[in-house]
Each structure stands twice: as C-alpha cells, then as structure tokens.
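For reference, work-v4.txt is printed below; it contains compact mmCIF, C-alpha atoms.
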```
# COMPACT_ATOMS: atom_id res chain seq x y z
CA MET A 426 31.09 -14.05 -37.50
CA ARG A 427 34.41 -15.88 -37.74
CA PRO A 428 34.70 -17.53 -41.18
CA TRP A 429 37.98 -19.22 -40.23
CA ARG A 430 36.25 -21.43 -37.61
CA ASP A 431 36.06 -25.03 -38.74
CA ILE A 432 33.02 -27.30 -38.57
CA PRO A 433 32.63 -29.31 -35.34
CA SER A 434 35.18 -32.03 -34.67
CA LEU A 435 34.23 -35.66 -35.21
CA SER A 436 34.14 -36.28 -31.45
CA ALA A 437 31.84 -33.30 -30.84
CA TRP A 438 29.55 -34.43 -33.65
CA GLN A 439 29.39 -37.99 -32.34
CA ALA A 440 28.57 -36.74 -28.84
CA VAL A 441 25.60 -34.83 -30.28
CA VAL A 442 24.36 -37.75 -32.40
CA ALA A 443 24.52 -40.08 -29.40
CA ARG A 444 21.78 -38.04 -27.68
CA GLN A 445 19.28 -38.53 -30.53
CA ASP A 446 17.39 -35.32 -29.72
CA SER A 447 16.41 -34.29 -33.23
CA THR A 448 12.96 -33.04 -34.26
CA ALA A 449 13.42 -34.70 -37.65
CA SER A 450 10.23 -36.44 -38.78
CA MET A 451 8.88 -38.52 -41.68
CA SER A 452 5.44 -39.09 -43.05
CA ARG A 453 3.67 -42.30 -42.00
CA SER A 454 3.96 -43.79 -45.47
CA ARG A 455 7.70 -43.10 -45.65
CA ARG A 456 8.22 -44.65 -42.23
CA LEU A 457 6.40 -47.80 -43.36
CA ARG A 458 8.43 -47.97 -46.57
CA ALA A 459 11.64 -47.52 -44.56
CA LYS A 460 10.80 -50.61 -42.50
CA VAL A 461 10.61 -52.83 -45.55
CA LYS A 462 12.95 -51.11 -48.00
CA SER A 463 16.58 -50.60 -47.12
CA SER A 464 16.82 -48.00 -49.90
CA THR A 465 14.39 -45.62 -48.20
CA ASP A 466 16.27 -42.81 -46.49
CA THR A 467 15.80 -42.17 -42.77
CA PRO A 468 17.18 -39.55 -40.35
CA LYS A 469 19.44 -42.20 -38.82
CA ARG A 470 20.95 -43.15 -42.19
CA ALA A 471 21.40 -39.49 -43.14
CA LEU A 472 23.23 -38.83 -39.86
CA GLU A 473 25.45 -41.85 -40.49
CA ARG A 474 26.41 -40.44 -43.89
CA LEU A 475 27.18 -37.07 -42.31
CA THR A 476 29.35 -38.81 -39.72
CA LEU A 477 31.36 -40.51 -42.48
CA ALA A 478 31.70 -37.24 -44.44
CA ILE A 479 32.86 -35.33 -41.35
CA ALA A 480 35.41 -38.05 -40.53
CA GLN A 481 36.77 -37.97 -44.09
CA TYR A 482 36.97 -34.18 -44.05
CA HIS A 483 38.93 -34.07 -40.80
CA ASP A 484 41.33 -36.71 -42.15
CA VAL A 485 42.59 -34.27 -44.78
CA PRO A 486 45.74 -32.44 -43.58
CA LYS A 487 44.60 -28.94 -42.65
CA THR A 488 47.96 -27.26 -43.27
CA SER A 489 48.40 -28.56 -46.83
CA PHE A 490 48.19 -25.72 -49.35
CA GLY A 491 47.56 -28.23 -52.14
CA ARG A 492 44.52 -29.68 -50.34
CA LEU A 493 42.63 -26.41 -49.77
CA ASP A 494 40.43 -27.07 -52.82
CA ASP A 495 39.66 -30.58 -51.56
CA ARG A 496 38.68 -29.30 -48.14
CA ALA A 497 36.48 -26.58 -49.64
CA ARG A 498 34.75 -29.15 -51.87
CA GLN A 499 34.14 -31.52 -48.96
CA LEU A 500 32.74 -28.71 -46.82
CA THR A 501 30.38 -27.69 -49.60
CA GLU A 502 29.15 -31.30 -49.87
CA ILE A 503 28.71 -31.55 -46.09
CA ALA A 504 26.74 -28.29 -46.10
CA ALA A 505 24.54 -29.59 -48.92
CA ALA A 506 23.91 -32.85 -47.04
CA ALA A 507 23.07 -30.89 -43.89
CA GLY A 508 20.62 -28.71 -45.83
CA SER A 509 19.03 -31.80 -47.35
CA TYR A 510 18.59 -33.35 -43.89
CA LEU A 511 16.87 -30.22 -42.56
CA THR A 512 14.51 -30.08 -45.54
CA LYS A 513 13.84 -33.75 -46.18
CA PHE A 514 13.06 -34.57 -42.57
CA ARG A 515 11.12 -31.38 -41.88
CA VAL A 516 13.31 -30.10 -39.06
CA ASP A 517 11.98 -27.06 -37.22
CA THR A 518 14.85 -24.72 -38.18
CA ASP A 519 13.50 -21.83 -36.11
CA ALA A 520 13.73 -23.98 -33.00
CA ALA A 521 17.10 -25.32 -34.15
CA LYS A 522 18.61 -21.82 -34.08
CA GLY A 523 18.35 -21.77 -30.29
CA ARG A 524 21.14 -22.88 -28.01
CA SER A 525 20.84 -25.19 -25.06
CA GLU A 526 23.06 -26.68 -22.39
CA GLU A 527 23.02 -29.18 -19.57
CA GLN A 528 22.26 -27.51 -16.22
CA TYR A 529 22.02 -29.10 -12.79
CA SER A 530 19.07 -28.52 -10.51
CA GLY A 531 18.86 -29.91 -7.00
CA VAL A 532 15.22 -30.81 -7.65
CA HIS A 533 15.35 -32.24 -11.16
CA GLY A 534 19.03 -33.19 -11.51
CA TRP A 535 20.73 -32.64 -14.87
CA GLN A 536 18.39 -31.20 -17.48
CA ARG A 537 18.80 -29.68 -20.93
CA VAL A 538 17.56 -26.10 -20.85
CA ALA A 539 17.24 -23.47 -23.55
CA LEU A 540 19.64 -20.53 -23.39
CA GLN A 541 18.24 -17.04 -23.85
CA LYS A 542 19.61 -14.40 -26.19
CA ARG A 543 21.66 -11.59 -24.69
CA ALA A 544 19.60 -8.42 -24.59
CA HIS A 545 22.33 -6.05 -25.82
CA SER A 546 23.36 -8.11 -28.87
CA ASN A 547 20.25 -10.23 -29.58
CA ARG A 548 22.60 -13.25 -29.87
CA PHE A 549 22.86 -16.48 -27.95
CA GLU A 550 25.68 -17.08 -25.51
CA ALA A 551 28.66 -18.82 -27.07
CA GLY A 552 28.52 -22.55 -26.58
CA ASN A 553 30.31 -25.84 -27.10
CA ALA A 554 29.30 -27.72 -30.24
CA ALA A 555 29.19 -30.97 -28.29
CA ASP A 556 26.49 -29.54 -26.00
CA GLN A 557 24.01 -28.59 -28.72
CA SER A 558 21.08 -30.49 -30.19
CA ILE A 559 21.38 -32.48 -33.41
CA ASP A 560 19.22 -29.90 -35.16
CA ARG A 561 21.42 -27.04 -34.03
CA THR A 562 24.60 -28.88 -35.04
CA VAL A 563 23.26 -29.85 -38.47
CA LEU A 564 22.33 -26.20 -38.99
CA THR A 565 25.90 -25.32 -37.92
CA LEU A 566 27.26 -27.75 -40.53
CA LEU A 567 25.20 -25.97 -43.18
CA ASN A 568 26.12 -22.41 -42.25
CA ARG A 569 29.66 -22.81 -41.01
CA GLY A 570 30.51 -25.31 -43.73
CA LEU A 571 29.68 -22.80 -46.47
CA ARG A 572 31.53 -19.97 -44.68
CA LYS A 573 34.61 -22.09 -44.08
CA ALA A 574 34.62 -23.30 -47.69
CA ARG A 575 34.64 -19.71 -48.93
CA TYR A 576 37.35 -18.86 -46.41
CA LEU A 577 39.59 -21.70 -47.65
CA LEU A 578 39.21 -20.58 -51.27
CA GLU A 579 40.02 -17.01 -50.24
CA LEU A 580 43.04 -18.32 -48.30
CA LYS A 581 44.25 -20.14 -51.41
CA GLN A 582 43.79 -17.01 -53.51
CA TYR A 583 45.63 -14.94 -50.89
CA TYR A 584 48.64 -17.23 -50.83
CA THR A 585 48.63 -17.55 -54.61
CA SER A 586 49.50 -13.85 -54.83
CA THR A 587 51.34 -13.50 -51.49
CA SER A 588 54.61 -15.13 -50.50
CA ARG A 589 54.28 -18.25 -48.35
CA ASP A 590 57.83 -17.87 -47.06
CA PRO A 591 57.67 -17.20 -43.27
CA LYS A 592 60.72 -14.96 -43.53
CA HIS A 593 58.85 -12.53 -45.78
CA LEU A 594 56.10 -12.06 -43.19
CA VAL A 595 58.65 -11.49 -40.41
CA ALA A 596 60.43 -8.92 -42.60
CA ALA A 597 57.14 -7.07 -43.16
CA LEU A 598 56.49 -6.98 -39.40
CA THR A 599 59.96 -5.73 -38.48
CA ARG A 600 60.02 -2.90 -41.03
CA PRO A 601 60.32 0.48 -39.24
CA GLN A 602 57.22 2.57 -38.75
CA ASP A 603 56.57 5.11 -41.52
CA LYS A 604 56.77 8.50 -39.77
CA SER A 605 57.35 12.08 -40.90
CA PRO A 606 56.61 15.60 -39.60
CA THR A 607 53.25 15.45 -41.43
CA HIS A 608 52.01 11.86 -41.16
CA THR A 609 52.38 8.50 -39.42
CA GLY A 610 51.84 4.93 -40.49
CA LEU A 611 50.81 1.99 -38.35
CA HIS A 612 53.02 1.09 -35.43
CA ALA A 613 54.99 -2.05 -36.32
CA GLY A 614 53.52 -4.01 -33.41
CA VAL A 615 49.98 -3.93 -34.86
CA ARG A 616 50.91 -4.22 -38.53
CA MET A 617 49.87 -7.89 -38.49
CA GLU A 618 46.24 -6.77 -38.17
CA GLN A 619 46.54 -4.96 -41.50
CA LEU A 620 48.43 -7.78 -43.25
CA ASP A 621 45.81 -10.31 -42.21
CA PRO A 622 43.13 -10.30 -44.96
CA TRP A 623 40.53 -10.87 -42.20
CA HIS A 624 42.13 -8.25 -39.90
CA ARG A 625 42.31 -10.27 -36.71
CA PRO A 626 43.90 -8.20 -33.91
CA VAL A 627 47.34 -9.81 -33.54
CA GLU A 628 49.86 -7.67 -31.64
CA VAL A 629 53.52 -8.62 -31.85
CA SER A 630 56.67 -6.78 -30.87
CA PHE A 631 60.16 -7.33 -32.24
CA GLN A 632 63.33 -5.97 -30.69
CA ASN A 633 66.73 -6.45 -32.28
CA GLY A 634 65.16 -8.98 -34.61
CA GLN A 635 63.70 -11.08 -31.80
CA LEU A 636 60.05 -11.52 -30.94
CA GLN A 637 59.24 -10.18 -27.49
CA GLN A 638 57.07 -12.44 -25.36
CA GLY A 639 53.84 -10.84 -24.18
CA ASP A 640 51.56 -11.51 -21.22
CA ASN A 641 49.32 -13.70 -23.38
CA LEU A 642 52.04 -16.28 -24.10
CA GLY A 643 50.26 -19.03 -22.20
CA ASP A 644 46.82 -18.44 -23.73
CA ASP A 645 46.19 -21.27 -26.19
CA TYR A 646 43.29 -19.40 -27.77
CA ASP A 647 44.87 -15.96 -28.19
CA ALA A 648 45.90 -14.95 -31.72
CA SER A 649 49.01 -13.10 -30.54
CA ALA A 650 50.11 -16.12 -28.52
CA ALA A 651 49.45 -18.31 -31.56
CA PHE A 652 51.75 -16.10 -33.60
CA GLY A 653 54.45 -16.54 -30.96
CA GLU A 654 54.02 -20.31 -31.16
CA TRP A 655 54.26 -20.18 -34.97
CA TYR A 656 57.33 -17.96 -34.87
CA ALA A 657 59.12 -20.21 -32.37
CA SER A 658 58.57 -23.25 -34.59
CA ILE A 659 59.60 -21.75 -37.94
CA GLY A 660 62.71 -23.91 -38.02
CA GLN A 661 60.50 -27.01 -37.85
CA HIS A 662 58.24 -26.04 -40.77
CA ASP A 663 57.96 -23.67 -43.72
CA LEU A 664 54.26 -22.93 -43.33
CA PRO A 665 52.88 -19.41 -43.73
CA PHE A 666 51.12 -18.20 -40.60
CA PHE A 667 47.50 -18.23 -41.75
CA LEU A 668 47.84 -21.72 -43.22
CA TRP A 669 49.60 -22.94 -40.07
CA LEU A 670 46.69 -21.50 -38.09
CA GLU A 671 44.31 -23.93 -39.84
CA ASP A 672 45.36 -26.68 -37.43
CA HIS A 673 45.30 -24.42 -34.37
CA ALA A 674 42.61 -24.19 -31.70
CA ILE A 675 41.67 -20.71 -32.95
CA CYS A 676 40.25 -22.44 -36.04
CA THR A 677 39.38 -25.87 -34.65
CA ALA A 678 38.12 -25.37 -31.06
CA ASP A 679 34.57 -26.65 -30.62
CA ASP A 680 33.77 -24.24 -27.79
CA LYS A 681 33.18 -20.81 -29.30
CA ALA A 682 33.64 -19.13 -25.93
CA LEU A 683 37.32 -20.12 -25.95
CA VAL A 684 38.03 -18.23 -29.16
CA ALA A 685 35.53 -15.40 -28.73
CA ALA A 686 38.34 -12.84 -28.34
CA THR A 687 39.69 -13.58 -31.82
CA ALA A 688 37.45 -11.72 -34.22
CA GLY A 689 37.92 -9.60 -37.31
CA VAL A 690 38.33 -5.86 -36.87
CA ALA A 691 36.26 -3.66 -39.18
CA TYR A 692 38.34 -2.15 -42.00
CA VAL A 693 37.23 0.47 -44.54
CA ASN A 694 39.11 0.25 -47.83
CA GLY A 695 40.10 3.52 -49.44
CA SER A 696 38.90 2.47 -52.91
CA ASP A 697 35.26 2.70 -51.86
CA ARG A 698 35.46 4.46 -48.51
CA ALA A 699 32.14 6.30 -48.68
CA ASN A 700 30.13 3.11 -49.21
CA GLY A 701 32.39 1.21 -46.81
CA TYR A 702 31.71 3.72 -44.07
CA ARG A 703 27.97 3.45 -44.58
CA ALA A 704 28.07 -0.34 -44.43
CA ILE A 705 29.40 -0.36 -40.87
CA ALA A 706 28.35 3.09 -39.61
CA PRO A 707 25.32 2.07 -37.52
CA ARG A 708 27.39 -0.30 -35.35
CA HIS A 709 30.28 2.09 -34.77
CA LYS A 710 28.71 5.58 -34.82
CA LEU A 711 30.83 6.62 -37.78
CA ALA A 712 30.61 10.28 -38.75
CA MET A 713 32.47 12.93 -40.73
CA VAL A 714 33.29 16.16 -38.91
CA TYR A 715 33.88 19.39 -40.78
CA PRO A 716 34.03 23.14 -40.00
CA HIS A 717 31.27 25.50 -41.08
CA GLY A 718 30.32 28.91 -39.77
CA GLY A 719 32.70 28.87 -36.81
CA LYS A 720 31.56 25.44 -35.54
CA LEU A 721 32.21 21.80 -36.26
CA TRP A 722 29.36 19.94 -37.94
CA LEU A 723 28.77 16.21 -37.89
CA ASP A 724 27.52 14.17 -40.86
CA GLU A 725 26.30 10.72 -39.77
CA LEU A 726 27.60 8.15 -42.22
CA LYS A 727 24.64 5.83 -42.18
CA PRO A 728 21.45 5.42 -44.21
CA ASN A 729 19.12 8.34 -43.45
CA GLY A 730 21.82 9.85 -41.23
CA VAL A 731 21.44 13.47 -40.21
CA THR A 732 23.77 16.44 -40.35
CA ARG A 733 23.94 18.48 -37.15
CA VAL A 734 26.22 20.59 -35.00
CA ALA A 735 28.92 18.19 -33.81
CA ASP A 736 28.64 16.68 -30.35
CA THR A 737 30.25 13.46 -29.09
CA ALA A 738 27.82 12.95 -26.21
CA GLY A 739 26.99 9.24 -26.12
CA TYR A 740 30.37 8.10 -27.45
CA THR A 741 32.25 5.81 -25.08
CA CYS A 742 35.61 4.06 -25.06
CA ASN A 743 37.85 1.89 -22.94
CA SER A 744 39.29 3.74 -19.95
CA GLY A 745 42.73 2.76 -21.26
CA LYS A 746 42.32 5.63 -23.70
CA GLY A 747 42.69 8.04 -20.80
CA VAL A 748 39.00 8.93 -20.88
CA SER A 749 35.80 6.95 -20.97
CA ASP A 750 33.49 9.25 -22.93
CA ALA A 751 35.34 10.33 -26.05
CA ALA A 752 35.23 9.37 -29.73
CA ALA A 753 38.14 7.95 -31.67
CA PHE A 754 39.27 10.21 -34.52
CA THR A 755 41.63 10.25 -37.47
CA ALA A 756 42.64 13.23 -39.55
CA VAL A 757 43.72 12.81 -43.16
CA GLY A 758 44.14 16.04 -45.07
CA ARG A 759 41.01 18.12 -44.43
CA GLU A 760 39.00 15.02 -43.52
CA ILE A 761 38.25 14.32 -39.85
CA THR A 762 36.38 11.11 -39.08
CA ILE A 763 35.13 9.96 -35.69
CA ALA A 764 33.71 6.67 -34.41
CA GLN A 765 33.07 4.64 -31.32
CA HIS A 766 36.35 2.96 -30.36
CA GLN A 767 35.70 -0.72 -29.60
CA GLU A 768 38.41 -3.21 -28.65
CA SER A 769 38.79 -6.02 -31.21
CA SER A 770 36.00 -4.51 -33.29
CA PHE A 771 36.84 -0.96 -34.40
CA HIS A 772 40.33 0.53 -34.02
CA HIS A 773 42.01 3.67 -35.29
CA SER A 774 43.33 1.48 -38.10
CA SER A 775 39.74 0.78 -39.19
CA PHE A 776 39.08 4.27 -40.60
CA HIS A 777 41.50 4.00 -43.54
CA ALA A 778 42.32 0.26 -43.64
CA GLY A 779 45.59 0.86 -41.83
CA GLY A 780 46.74 3.60 -44.21
CA ASN A 781 48.79 6.62 -43.15
CA VAL A 782 47.12 9.45 -41.23
CA ASN A 783 48.06 12.98 -40.25
CA CYS A 784 46.90 12.44 -36.68
CA ALA A 785 44.84 10.02 -34.60
CA GLY A 786 43.60 9.90 -31.04
CA MET A 787 40.55 10.65 -28.93
CA ILE A 788 38.33 13.72 -29.09
CA LYS A 789 35.37 15.30 -27.30
CA ILE A 790 33.17 17.86 -29.03
CA SER A 791 30.40 19.87 -27.40
CA SER A 792 28.10 22.27 -29.26
CA GLY A 793 30.46 22.31 -32.22
CA LEU A 794 33.68 23.04 -30.30
CA VAL A 795 36.49 20.68 -29.23
CA THR A 796 36.67 20.34 -25.45
CA TYR A 797 39.27 17.54 -25.26
CA ALA A 798 41.81 16.00 -27.61
CA SER A 799 44.65 13.51 -27.32
CA ASN A 800 47.07 11.57 -29.51
CA ASN A 801 46.20 8.36 -27.65
CA SER A 802 46.24 5.82 -30.48
CA GLY A 803 48.17 2.63 -29.88
CA HIS A 804 47.92 1.75 -33.55
CA TYR A 805 49.50 4.97 -34.88
CA ARG A 806 51.24 6.61 -31.90
CA PRO A 807 51.42 10.09 -33.46
CA ASP A 808 54.04 12.29 -31.82
CA LYS A 809 53.55 15.71 -30.23
CA GLN A 810 54.26 17.52 -33.51
CA LEU A 811 51.42 15.78 -35.32
CA LEU A 812 49.07 16.54 -32.43
CA PHE A 813 50.19 20.17 -32.55
CA ARG A 814 49.55 20.43 -36.30
CA PHE A 815 46.07 18.99 -35.85
CA LEU A 816 45.09 21.27 -32.96
CA ASP A 817 46.74 24.34 -34.45
CA GLY A 818 44.61 23.95 -37.56
CA LEU A 819 41.46 23.82 -35.41
CA ALA A 820 42.57 26.75 -33.27
CA ARG A 821 43.15 28.98 -36.30
CA LYS A 822 39.50 28.41 -37.23
CA GLY A 823 38.27 29.12 -33.69
CA LEU A 824 37.11 25.54 -33.16
CA LEU A 825 38.71 24.92 -29.74
CA ALA A 826 36.59 25.64 -26.68
CA ARG A 827 38.11 27.97 -24.05
CA ASN A 828 38.30 25.11 -21.57
CA CYS A 829 39.72 22.61 -24.09
CA THR A 830 42.06 20.10 -22.48
CA VAL A 831 44.90 18.33 -24.28
CA HIS A 832 46.48 15.00 -23.32
CA CYS A 833 49.76 14.19 -25.06
CA SER A 834 51.20 10.65 -24.98
CA GLY A 835 54.69 9.50 -25.86
CA LEU A 836 56.59 11.98 -23.71
CA GLY A 837 57.87 9.54 -21.11
CA ARG A 838 55.55 11.15 -18.57
CA ALA A 839 51.88 11.98 -18.29
CA TYR A 840 51.02 15.34 -19.80
CA GLU A 841 47.64 17.08 -19.62
CA ASP A 842 47.08 20.80 -19.82
CA THR A 843 44.99 23.44 -21.55
CA ALA A 844 45.06 23.60 -25.32
CA THR A 845 46.46 27.14 -25.08
CA ASN A 846 49.47 26.01 -23.03
CA PHE A 847 50.07 22.98 -25.22
CA LEU A 848 50.07 25.02 -28.42
CA GLN A 849 52.48 27.54 -26.91
CA ASN A 850 54.88 25.05 -25.28
CA TRP A 851 54.67 21.79 -27.28
CA GLN A 852 58.24 22.00 -28.59
CA SER A 853 59.73 22.05 -25.11
CA LEU A 854 57.70 19.15 -23.73
```
Can you turn what I pasted into structure tokens?
Amino acid sequence: MRPWRDIPSLSAWQAVVARQDSTASMSRSRRLRAKVKSSTDTPKRALERLTLAIAQYHDVPKTSFGRLDDRARQLTEIAAAAGSYLTKFRVDTDAAKGRSEEQYSGVHGWQRVALQKRAHSNRFEAGNAADQSIDRTVLTLLNRGLRKARYLLELKQYYTSTSRDPKHLVAALTRPQDKSPTHTGLHAGVRMEQLDPWHRPVEVSFQNGQLQQGDNLGDDYDASAAFGEWYASIGQHDLPFFLWLEDHAICTADDKALVAATAGVAYVNGSDRANGYRAIAPRHKLAMVYPHGGKLWLDELKPNGVTRVADTAGYTCNSGKGVSDAAAFTAVGREITIAQHQESSFHHSSFHAGGNVNCAGMIKISSGLVTYASNNSGHYRPDKQLLFRFLDGLARKGLLARNCTVHCSGLGRAYEDTATNFLQNWQSL
C-alpha cells in the first residue's frame, strides 16, 4: 500500500469512462423516471459529476502547503461520491476488485481479459489506471481517495512541526554517522529512509557537501533519483522534499508498475516495540533470540508463536549479503533480534526504527549454535570491533559452533575465516 499515490489523472479517468463498461444498474421504475425527469440520477450523470470533481481536484496546485487541507477535503468528497455510485447503482464490487487489460489474440483480435492474482502474494498484477474498468476505477477513487486524504493531512502535520527549509534536510543528511567502540548509528547515505515519516528507501550520498550521482539518476520513477532532481533544483524553489514530491511521477503516475519499487519499509518504533514486532512478524519472520542452557533459543514474535531451539533454516536473503540463506540480525544490549531481510520491505533499520545498535549483520543458527555471522549491513556498517564484541560475547557463553564462519566487511578486502581465527586476530585485520 502506497498512501502517497494520487487518484487517477483526469486523462486516465476519461479514457476509462469512454469505454462505458460499468455493471452499474437501475431498477425499471427508476429508469423510466429518468427518461422523463431530468432530476432523476443516472450512472451517466454520476460519472459526469465525478469527472468535474476530479478535474477540479487536479487543478489545485499540488505543491502548495496552504492547499493541503483543500486537497484532502476534495479527495474525501470524491471518495464519498464514488462510494455513493457503487451503492446507488448496485455495482458488483467483488467483480470490480479484479484487474483487466487489453490483450491481442491472432484469432479474436484485441480483447479485454481478466488478470489473475499472483499465487505468492494473492494480489493482482500492477496495472495502468487507464486500462481498468469503470467499476474498478470508481473503487480506486473510493479507496485511494481516502488514503491520499489521510496522507495529505499527515503531511501537513509533519511539516507543521518539522522545518520546511530544504537546507535543514540537507544538513540532517550530511551529519556524520554516529559511531563509537560500542555502538553505531545509521550510515548517512540511508538516513533519508528514517527521516521520511513513511520510510521510503531513498539512498543518497554526499561528499564534500555535494550530492553524488548514482546509477539511478535517469530513472524518473526512482525515489533516490527524485531526490537528486529535487536537490539540483533547490535554487529554483524553496519546497521541502516530500511536498515537492507531490507533483512528481512517484505520486502521480497512473501506472502502478512504474512506481512499484517505491514502497514504505517496515519500521518498529521503540515506544511500543513488543506490539510493533507482533504486528509485522508473520510477514518478516521476526523472532527474539536468547541464550539458555548452553544454546540459543528462538521466540517467534507473532500471535501464537512458539519458543524453540534457535534455527534459521528457511530464512533467505539477497545474495548481495554474501550469503543467500541467512537471517538479518541486530544486537542492542542483551537483545538479539532476527528477521527475514527483504529489499525495500524490511531492512536492518526496521528493527529499531533506525536507532543505534551494538551490531548488525547476517547470521545462521543451527541447533542453537551460530554457524555463520557477518557485519554485512549497508544501513549500519558496523566495524570489525563491533563484530568482535558481538561474537566474543557469544563465544564466552559457548554459543558458537566449532565450524562457525565469520565474514567481516569494511576492511578494503574480502575477509572470511573461522570464528576462532577472527576472534584471535581481529585487531590486525
């Protein structure tokens, strides 16, 4: 779910209306009254009113802080009108939830066919608003209109208490990383993800006060590229980034597939971490790991979760983490938490809402003992000393397997060796 996505553009809406493929219906008596009474509402008249409301909404400047309330009000009214259309004209909303698209067949030519849900997510493929049925698009106006209205009010509240001066955001992003012999804060390049109240994964890098251009510079639908575009145009405006983004394709593109990579990363706030963990645990295999009786035990942080001897079998991650079958972990004090690392969904920053940690990386556990550990966390980049402190604490409790392997990043060269050798030689690496 992306609450920042706007309702369909006027052109996309008009393309849908032009097809007249709604299942809206009226009783026979109402149809007869509509023929003789201009005051009797019909699906066509309701769609015309929605067209006018959508046009008026999109006429309001999207980057005006003072018009956020107006936009939220208009979206709420559009959503209410969409809901009234679905109810009044007895639209089959179950059928409307489906997606469809034009497909070409050599036998039948162009035909509109229903898209199937993806088996692994039970969701429909992303689609272009202009390609959907009227019913589907009216349902989109209802759902997305309400979400976007809430988002705009939250955006106003955010910038009521947060500086709208672009220079203040740049200063926050260029502040040095908080590091010490005992802990590390977020790497400056990913700090934007934490500052964003919706935690979209924006990665930026500054060197000598200048933004470094990444490989995604030419991607119009990439959040990091959008930040680069905003930064380069600061002299031409004084808009804060998230308000500037309101008029960007990331918020306004009709085709969801184009902006699918920009999604909110799960964050667990420290104020209510136990409940926060349980709210997202099933999707990310969140678990607490703790020592007991010479082994590590795992407490599944989900409703009706079980406690068992720790084992990370079944955890997977991107091969960029150096392995493909390990769990992400963070260590804060005596607390070790593991989860399934998922790009643009669950990062090392997710565990503690971007707060400081004693160590972070990837870990494998088998039958209660650690068989592999690394400090491979792009968000925290803990140094070799923090990895040593973490592993030394486990070793003193006999929680490292004899064949435990350690991978240490940040040395300027690839390092992988036994845990025994790492613990003995870490200072000279």
Requested in this report: Would you list the contacts of Leu567 in chain A as a VMD selection string, taking every protein, DNA or RNA residue within 7 Å and counting all atoms listed in the file, but skipping same-chain residues closer than 5 positions in sequence?
Outcome: chain A and resid 504 to 505 507 to 508
Query raised in the report: In Å, how far is it from CA of Gln661 in chain A to CA of Pro591 in chain A?
Result: 11.6 Å
Requested in this report: Name the closest residue to Ala682 in chain A among the candidates A:Pro468, A:Phe771, A:Arg589, A:Asp647; distances are taken between atoms, counting all atoms listed in the file.
Outcome: A:Asp647
Query raised in the report: Excluding same-chain residues fewer than 6 positions from range 821-832 of chain A, what lies within 9 Å of it counting all atoms listed in the file, as a PyMOL selection string?
Result: chain A and resi 716+719-721+747+790-791+793-801+839-845+847
Query raised in the report: Skipping near chain neighbours, those fewer than 5 positions away, what residues fall within 8 Å of Phe776 in chain A using all atoms listed in the file, listed as an MDAnalysis selection string?
Result: chainID A and resid 692:693 755 762
